[in-house]
>>> print(open('work-v4.cif').read())   # mmCIF, C-alpha atoms
data_input
#
loop_
_atom_site.label_atom_id
_atom_site.label_comp_id
_atom_site.auth_asym_id
_atom_site.auth_seq_id
_atom_site.Cartn_x
_atom_site.Cartn_y
_atom_site.Cartn_z
CA MET A 1 65.77 62.44 84.80
CA ILE A 2 68.12 64.26 82.44
CA LYS A 3 66.50 67.27 80.78
CA THR A 4 67.35 67.91 77.14
CA ILE A 5 66.28 70.34 74.42
CA ILE A 6 66.51 69.72 70.67
CA ILE A 7 67.28 72.87 68.67
CA ASP A 8 67.12 72.37 64.91
CA ASP A 9 65.14 74.09 62.15
CA GLU A 10 64.49 70.78 60.37
CA PRO A 11 61.48 68.87 61.80
CA LEU A 12 62.73 65.58 60.36
CA ALA A 13 66.07 66.03 62.11
CA ARG A 14 64.30 66.69 65.43
CA ASP A 15 62.10 63.62 64.91
CA MET A 16 65.15 61.45 64.27
CA ILE A 17 66.81 62.54 67.50
CA LYS A 18 63.61 61.89 69.44
CA GLU A 19 63.37 58.43 67.88
CA TYR A 20 66.98 57.66 68.80
CA LEU A 21 66.31 58.86 72.37
CA HIS A 22 63.56 56.27 72.87
CA THR A 23 66.23 53.84 74.06
CA TYR A 24 67.29 56.33 76.77
CA PRO A 25 64.26 56.65 79.09
CA PHE A 26 66.32 58.67 81.60
CA ILE A 27 66.65 61.51 79.04
CA ASN A 28 63.52 63.65 78.87
CA VAL A 29 62.99 66.00 75.91
CA VAL A 30 61.44 69.05 77.60
CA GLN A 31 61.16 71.16 74.44
CA GLU A 32 61.88 71.30 70.71
CA CYS A 33 62.96 74.55 69.07
CA GLY A 34 63.09 75.54 65.40
CA ASP A 35 65.55 78.42 65.75
CA GLY A 36 68.11 79.99 68.06
CA PHE A 37 65.71 82.60 69.47
CA GLU A 38 63.42 79.84 70.71
CA GLY A 39 66.47 77.95 71.95
CA VAL A 40 67.67 80.80 74.17
CA LYS A 41 64.22 81.16 75.76
CA ALA A 42 63.84 77.41 76.25
CA ILE A 43 67.24 77.03 77.90
CA SER A 44 66.50 79.94 80.23
CA GLN A 45 63.15 78.39 81.16
CA HIS A 46 64.12 74.73 81.56
CA GLN A 47 67.85 74.84 82.46
CA PRO A 48 68.54 71.58 80.58
CA ASP A 49 71.47 69.29 81.30
CA LEU A 50 72.11 68.59 77.62
CA ILE A 51 71.12 70.14 74.30
CA PHE A 52 71.23 68.84 70.73
CA LEU A 53 72.11 71.85 68.62
CA ASP A 54 72.19 72.48 64.88
CA VAL A 55 74.68 75.02 63.52
CA GLN A 56 72.97 76.61 60.52
CA MET A 57 69.54 77.93 61.51
CA PRO A 58 67.35 80.94 60.69
CA LYS A 59 67.80 84.24 62.55
CA ILE A 60 70.91 83.31 64.57
CA ASN A 61 73.14 80.28 64.22
CA GLY A 62 74.03 77.77 66.91
CA PHE A 63 77.33 79.49 67.71
CA GLU A 64 75.64 82.84 68.29
CA MET A 65 72.93 81.22 70.37
CA LEU A 66 75.49 79.76 72.77
CA GLU A 67 76.90 83.24 73.37
CA LEU A 68 73.55 84.28 74.85
CA VAL A 69 73.19 81.35 77.25
CA SER A 70 74.52 81.31 80.80
CA PRO A 71 75.17 78.90 82.39
CA SER A 72 75.81 76.74 79.37
CA PRO A 73 74.45 73.17 79.20
CA ALA A 74 76.44 70.35 77.67
CA VAL A 75 76.18 70.41 73.86
CA ILE A 76 76.06 67.72 71.20
CA PHE A 77 76.13 69.34 67.78
CA THR A 78 73.98 67.82 65.06
CA THR A 79 75.02 69.46 61.84
CA ALA A 80 75.45 69.21 58.12
CA PHE A 81 77.83 72.15 58.35
CA ASP A 82 81.17 71.95 56.58
CA GLU A 83 84.45 70.82 58.07
CA TYR A 84 85.78 74.06 59.48
CA ALA A 85 83.02 74.12 62.09
CA ILE A 86 83.54 70.47 62.92
CA LYS A 87 87.26 70.97 63.46
CA ALA A 88 86.64 74.06 65.56
CA PHE A 89 84.22 72.37 67.93
CA GLU A 90 85.66 68.89 68.11
CA ALA A 91 87.88 69.61 71.11
CA HIS A 92 85.25 71.54 73.10
CA ALA A 93 81.72 70.20 72.62
CA VAL A 94 80.67 66.84 74.04
CA ASP A 95 80.50 65.54 70.48
CA TYR A 96 79.37 66.44 66.98
CA LEU A 97 77.15 64.38 64.73
CA LEU A 98 77.45 64.95 61.01
CA LYS A 99 74.08 64.59 59.30
CA PRO A 100 72.87 62.09 58.35
CA PHE A 101 74.11 60.10 61.36
CA SER A 102 73.26 56.55 62.34
CA LYS A 103 71.80 55.26 65.61
CA GLU A 104 75.14 53.66 66.34
CA ARG A 105 76.94 57.00 65.96
CA PHE A 106 74.27 58.70 68.09
CA ASP A 107 74.74 56.08 70.81
CA LYS A 108 78.47 56.77 70.88
CA ALA A 109 77.77 60.45 71.47
CA ILE A 110 75.42 59.66 74.37
CA GLN A 111 77.97 57.28 75.90
CA LYS A 112 80.64 59.94 75.60
CA TRP A 113 78.40 62.41 77.39
CA LYS A 114 77.57 59.89 80.15
CA GLN A 115 81.23 59.03 80.72
CA HIS A 116 82.61 62.55 80.75
CA HIS A 117 79.70 64.67 81.92
CA ASN A 118 80.92 67.39 84.26
CA PRO A 119 78.93 70.65 84.44
CA ALA A 120 81.91 72.72 85.51
CA ALA A 121 84.02 71.33 82.70
CA ASP A 122 81.19 71.87 80.22
CA ASN A 123 80.92 75.54 81.16
CA ALA A 124 84.67 76.03 80.99
CA GLY A 125 84.84 74.29 77.63
CA LEU A 126 82.03 76.39 76.19
CA LYS A 127 83.66 79.59 77.43
CA GLU A 128 86.84 78.53 75.65
CA LEU A 129 84.75 77.58 72.63
CA GLU A 130 83.27 81.06 72.48
CA GLU A 131 86.66 82.73 72.73
CA GLU A 132 88.37 80.55 70.12
CA THR A 133 85.90 79.36 67.53
CA LEU A 134 83.42 82.06 66.69
CA ALA A 135 85.90 83.71 64.37
CA VAL A 136 85.38 80.83 61.94
CA SER A 137 81.65 81.48 61.62
CA PRO A 138 80.95 83.79 58.65
CA GLU A 139 78.07 85.52 60.44
CA GLN A 140 80.35 86.73 63.23
CA HIS A 141 82.41 88.72 60.76
CA ASN A 142 79.34 90.78 59.89
CA ARG A 143 77.36 91.14 63.10
CA VAL A 144 77.23 90.86 66.89
CA VAL A 145 74.29 89.24 68.69
CA VAL A 146 73.39 90.59 72.14
CA LYS A 147 70.67 89.88 74.66
CA THR A 148 68.88 92.80 76.30
CA GLY A 149 66.39 91.59 78.88
CA ASN A 150 64.17 89.10 77.11
CA ASN A 151 65.03 90.46 73.68
CA ILE A 152 67.76 89.41 71.26
CA ARG A 153 69.32 92.10 69.09
CA ILE A 154 71.47 91.63 65.99
CA ILE A 155 73.93 94.50 65.49
CA PRO A 156 75.57 94.75 62.04
CA MET A 157 79.28 95.53 62.33
CA HIS A 158 78.93 98.75 60.34
CA GLU A 159 76.60 100.14 63.05
CA ILE A 160 79.25 99.81 65.76
CA LEU A 161 80.91 103.13 66.59
CA TYR A 162 83.40 101.75 69.07
CA LEU A 163 83.93 99.03 71.68
CA GLN A 164 84.89 99.66 75.28
CA ALA A 165 86.25 97.13 77.79
CA ASP A 166 84.08 96.93 80.91
CA ASP A 167 85.43 94.38 83.43
CA ASP A 168 84.47 90.92 82.08
CA TYR A 169 82.31 92.48 79.39
CA VAL A 170 82.65 94.63 76.30
CA LYS A 171 80.35 97.62 75.88
CA ILE A 172 79.26 97.96 72.26
CA HIS A 173 78.44 101.57 71.39
CA THR A 174 76.03 102.35 68.52
CA LYS A 175 73.95 105.36 67.52
CA GLU A 176 70.96 103.70 69.18
CA GLY A 177 72.70 103.08 72.50
CA SER A 178 75.16 100.78 74.23
CA PHE A 179 74.94 97.01 74.72
CA LEU A 180 76.95 94.67 76.93
CA LYS A 181 78.52 91.48 75.61
CA LYS A 182 80.30 88.92 77.79
CA LYS A 183 83.50 88.88 75.76
CA THR A 184 86.97 90.33 75.97
CA ILE A 185 88.29 93.29 74.02
CA SER A 186 91.14 91.06 72.83
CA TYR A 187 88.63 88.64 71.31
CA TYR A 188 87.09 91.36 69.17
CA GLU A 189 90.51 92.65 68.20
CA LYS A 190 91.14 89.24 66.65
CA VAL A 191 87.82 88.73 64.88
CA MET A 192 86.92 92.20 63.60
CA ASP A 193 88.00 93.42 60.17
CA ALA A 194 91.38 95.09 60.76
CA SER A 195 90.81 97.44 57.83
CA GLN A 196 87.69 98.85 59.53
CA PHE A 197 88.34 98.53 63.24
CA VAL A 198 91.53 99.28 65.15
CA ARG A 199 92.43 98.88 68.80
CA VAL A 200 93.72 102.29 69.77
CA HIS A 201 93.92 101.67 73.52
CA ARG A 202 93.89 98.67 75.85
CA SER A 203 90.23 99.48 76.55
CA TYR A 204 89.01 100.74 73.17
CA ILE A 205 88.47 99.58 69.58
CA ILE A 206 87.11 102.19 67.19
CA GLN A 207 85.57 102.05 63.73
CA VAL A 208 88.04 103.95 61.59
CA SER A 209 85.34 105.59 59.44
CA GLN A 210 83.95 107.28 62.56
CA VAL A 211 87.13 109.26 63.20
CA THR A 212 86.89 112.94 62.20
CA ARG A 213 90.23 114.08 63.62
CA ILE A 214 93.06 113.24 66.00
CA GLU A 215 94.15 115.77 68.60
CA PRO A 216 97.13 115.94 71.00
CA TYR A 217 96.28 115.16 74.61
CA GLU A 218 98.49 115.85 77.62
CA LYS A 219 102.22 115.55 76.96
CA ASP A 220 102.64 112.54 74.64
CA GLY A 221 99.07 111.36 74.24
CA HIS A 222 96.34 111.74 71.64
CA ILE A 223 92.57 111.45 71.44
CA ALA A 224 90.35 110.48 68.52
CA ILE A 225 87.28 112.65 67.95
CA LEU A 226 84.41 110.62 66.51
CA LYS A 227 81.54 111.86 64.35
CA SER A 228 79.32 111.50 67.41
CA GLY A 229 81.55 113.96 69.26
CA GLU A 230 82.88 111.38 71.68
CA LYS A 231 86.56 111.48 72.55
CA ILE A 232 88.47 108.18 72.65
CA PRO A 233 91.94 107.97 74.22
CA ILE A 234 94.74 106.71 71.99
CA SER A 235 97.71 104.94 73.55
CA LYS A 236 101.30 105.19 72.37
CA THR A 237 101.01 101.77 70.71
CA GLY A 238 97.58 102.53 69.26
CA TYR A 239 98.61 105.82 67.65
CA PRO A 240 100.86 104.38 64.91
CA LYS A 241 98.29 101.65 64.13
CA LEU A 242 95.56 104.25 63.64
CA LYS A 243 97.82 106.48 61.54
CA LEU A 244 98.72 103.53 59.32
CA ILE A 245 95.10 102.64 58.61
CA LEU A 246 94.20 106.28 58.00
CA GLY A 247 97.15 106.64 55.65
CA LEU A 248 98.74 109.46 57.65
#
>>> encode(input="work-v4.cif", output="structure tokens")
Amino acid sequence: MIKTIIIDDEPLARDMIKEYLHTYPFINVVQECGDGFEGVKAISQHQPDLIFLDVQMPKINGFEMLELVSPSPAVIFTTAFDEYAIKAFEAHAVDYLLKPFSKERFDKAIQKWKQHHNPAADNAGLKELEEETLAVSPEQHNRVVVKTGNNIRIIPMHEILYLQADDDYVKIHTKEGSFLKKKTISYYEKVMDASQFVRVHRSYIIQVSQVTRIEPYEKDGHIAILKSGEKIPISKTGYPKLKLILGL
């Protein structure tokens, strides 16, 4: 049996998928979820082979939910979202279904999954999806979603003091503590507002408004002193970028 989870805030949309799945007795719907928080918990509990995932949902959207899931199941998007999301995901997800979709279109998506299903490829594709497509989601410009134990935390961008590279993760520093996110520092350099955040070092991105002063360090180096008192190293390439944004 193939385990699947339907994650959509619209009950009618979930019912339609279940109805369409009646012709696929080998696919077992182990749970339905009305939002991304429920989806993360359900995936952790059931470890499904395939999920049907809406994009626009309460609390966190489908893109943000996928960031919190590891390992990632295969994904068929079921969305009424506009074209930029469709174009972004077309090359990476198993398929996308634009609501309202017919049984014939649904069947094509299932056949595509059956023909090309490869867990390793799915995980690699979703990792690439995370790195390349989240910048097109409006929510990601304003917040970062992290998982701490069994809890999900939404961090508004303005609460981030600085980011620090930590092996395969990024450590997000806030006044309330630090949180790990499985991303690269280069990813955040691309998606964060360049007028508010600047990469001053290969391992650090700082929020410009947190800088109180810049001091010389060693022979040609500098450090940024933040309002919190923390000292962040500034590289030779990061120094002119920071000066430009600060208007120095």
>>> closest_residue(input="work-v4.cif", among="A:Leu242, A:Ala74, A:His201, A:Glu104", to="A:Ile214", atoms="all atoms listed in the file")
A:Leu242
>>> resolve_selection(input="work-v4.cif", expression="the PyMOL selection byres ((chain A and resi 79) around 12)", output="PyMOL selection string")
chain A and resi 7-10+13-14+52-57+61-63+76-78+80-86+89+95-101
>>> closest_residue(input="work-v4.cif", among="A:Thr237, A:Thr4, A:Thr174, A:Asn151", to="A:Gln207", atoms="all atoms listed in the file")
A:Thr174
>>> residues_around(input="work-v4.cif", residues="A:Arg143", least_positions_apart="6", cutoff="6 Å", atoms="only C-alpha atoms", output="JSON, numbers by chain")
{"A": [155, 156, 157]}
>>> resolve_selection(input="work-v4.cif", expression="the PyMOL selection byres ((chain A and resi 27) around 8)", output="PDB file with C-alpha atoms, keeping the file's coordinate frame")
ATOM      1  CA  MET A   1      65.770  62.440  84.800  1.00  0.00           C
ATOM      2  CA  ILE A   2      68.120  64.260  82.440  1.00  0.00           C
ATOM      3  CA  LYS A   3      66.500  67.270  80.780  1.00  0.00           C
ATOM      4  CA  THR A   4      67.350  67.910  77.140  1.00  0.00           C
ATOM      5  CA  LEU A  21      66.310  58.860  72.370  1.00  0.00           C
ATOM      6  CA  TYR A  24      67.290  56.330  76.770  1.00  0.00           C
ATOM      7  CA  PRO A  25      64.260  56.650  79.090  1.00  0.00           C
ATOM      8  CA  PHE A  26      66.320  58.670  81.600  1.00  0.00           C
ATOM      9  CA  ASN A  28      63.520  63.650  78.870  1.00  0.00           C
ATOM     10  CA  VAL A  29      62.990  66.000  75.910  1.00  0.00           C
TER      11      VAL A  29
END
>>> atom_distance(input="work-v4.cif", atom1="atom CA of A:Thr212", atom2="atom CA of A:Ala224")
7.6 Å
>>> resolve_selection(input="work-v4.cif", expression="the PyMOL selection byres ((chain A and resi 205) around 12)", output="PyMOL selection string")
chain A and resi 160-165+170-173+184-194+196-204+206-208+210-211+224+232-235+238+241-242
>>> atom_distance(input="work-v4.cif", atom1="atom CA of A:Gly177", atom2="atom CA of A:Lys236")
28.7 Å
>>> closest_residue(input="work-v4.cif", among="A:Ser44, A:Ser70, A:Ser195, A:Ser102", to="A:Lys182", atoms="only C-alpha atoms")
A:Ser70
>>> closest_residue(input="work-v4.cif", among="A:Ser178, A:Val146, A:Lys108, A:Glu218", to="A:Ile60", atoms="all atoms listed in the file")
A:Val146
>>> atom_distance(input="work-v4.cif", atom1="atom CA of A:Glu38", atom2="atom CA of A:Val144")
18.1 Å
>>> build_atoms(input="work-v4.cif", residues="stretch 53-65 of chain A", atoms="N, CA, C and O atoms", output="PDB file, in the coordinates of the input")
ATOM      1  N   LEU A  53      72.125  70.527  69.249  1.00  0.00           N
ATOM      2  CA  LEU A  53      72.110  71.850  68.620  1.00  0.00           C
ATOM      3  C   LEU A  53      72.609  71.801  67.181  1.00  0.00           C
ATOM      4  O   LEU A  53      73.719  71.338  66.907  1.00  0.00           O
ATOM      5  N   ASP A  54      71.783  72.309  66.269  1.00  0.00           N
ATOM      6  CA  ASP A  54      72.190  72.480  64.880  1.00  0.00           C
ATOM      7  C   ASP A  54      73.042  73.741  64.774  1.00  0.00           C
ATOM      8  O   ASP A  54      72.989  74.626  65.637  1.00  0.00           O
ATOM      9  N   VAL A  55      73.836  73.847  63.723  1.00  0.00           N
ATOM     10  CA  VAL A  55      74.680  75.020  63.520  1.00  0.00           C
ATOM     11  C   VAL A  55      73.974  76.052  62.656  1.00  0.00           C
ATOM     12  O   VAL A  55      73.746  77.184  63.059  1.00  0.00           O
ATOM     13  N   GLN A  56      73.599  75.674  61.442  1.00  0.00           N
ATOM     14  CA  GLN A  56      72.970  76.610  60.520  1.00  0.00           C
ATOM     15  C   GLN A  56      71.464  76.628  60.750  1.00  0.00           C
ATOM     16  O   GLN A  56      70.772  75.645  60.481  1.00  0.00           O
ATOM     17  N   MET A  57      70.967  77.761  61.254  1.00  0.00           N
ATOM     18  CA  MET A  57      69.540  77.930  61.510  1.00  0.00           C
ATOM     19  C   MET A  57      69.127  79.339  61.133  1.00  0.00           C
ATOM     20  O   MET A  57      69.967  80.226  60.990  1.00  0.00           O
ATOM     21  N   PRO A  58      67.812  79.578  60.979  1.00  0.00           N
ATOM     22  CA  PRO A  58      67.350  80.940  60.690  1.00  0.00           C
ATOM     23  C   PRO A  58      67.644  81.882  61.854  1.00  0.00           C
ATOM     24  O   PRO A  58      67.837  81.447  62.985  1.00  0.00           O
ATOM     25  N   LYS A  59      67.660  83.157  61.566  1.00  0.00           N
ATOM     26  CA  LYS A  59      67.800  84.240  62.550  1.00  0.00           C
ATOM     27  C   LYS A  59      69.214  84.288  63.127  1.00  0.00           C
ATOM     28  O   LYS A  59      69.989  85.165  62.794  1.00  0.00           O
ATOM     29  N   ILE A  60      69.544  83.392  64.040  1.00  0.00           N
ATOM     30  CA  ILE A  60      70.910  83.310  64.570  1.00  0.00           C
ATOM     31  C   ILE A  60      71.361  81.861  64.501  1.00  0.00           C
ATOM     32  O   ILE A  60      70.557  80.940  64.620  1.00  0.00           O
ATOM     33  N   ASN A  61      72.655  81.653  64.314  1.00  0.00           N
ATOM     34  CA  ASN A  61      73.140  80.280  64.220  1.00  0.00           C
ATOM     35  C   ASN A  61      73.435  79.707  65.609  1.00  0.00           C
ATOM     36  O   ASN A  61      73.327  80.401  66.633  1.00  0.00           O
ATOM     37  N   GLY A  62      73.803  78.433  65.638  1.00  0.00           N
ATOM     38  CA  GLY A  62      74.030  77.770  66.910  1.00  0.00           C
ATOM     39  C   GLY A  62      75.161  78.387  67.715  1.00  0.00           C
ATOM     40  O   GLY A  62      75.104  78.456  68.951  1.00  0.00           O
ATOM     41  N   PHE A  63      76.203  78.860  67.028  1.00  0.00           N
ATOM     42  CA  PHE A  63      77.330  79.490  67.710  1.00  0.00           C
ATOM     43  C   PHE A  63      76.866  80.757  68.433  1.00  0.00           C
ATOM     44  O   PHE A  63      77.193  80.995  69.592  1.00  0.00           O
ATOM     45  N   GLU A  64      76.117  81.585  67.708  1.00  0.00           N
ATOM     46  CA  GLU A  64      75.640  82.840  68.290  1.00  0.00           C
ATOM     47  C   GLU A  64      74.677  82.580  69.440  1.00  0.00           C
ATOM     48  O   GLU A  64      74.676  83.311  70.437  1.00  0.00           O
ATOM     49  N   MET A  65      73.867  81.544  69.305  1.00  0.00           N
ATOM     50  CA  MET A  65      72.930  81.220  70.370  1.00  0.00           C
ATOM     51  C   MET A  65      73.651  80.899  71.665  1.00  0.00           C
ATOM     52  O   MET A  65      73.253  81.334  72.750  1.00  0.00           O
TER      53      MET A  65
END
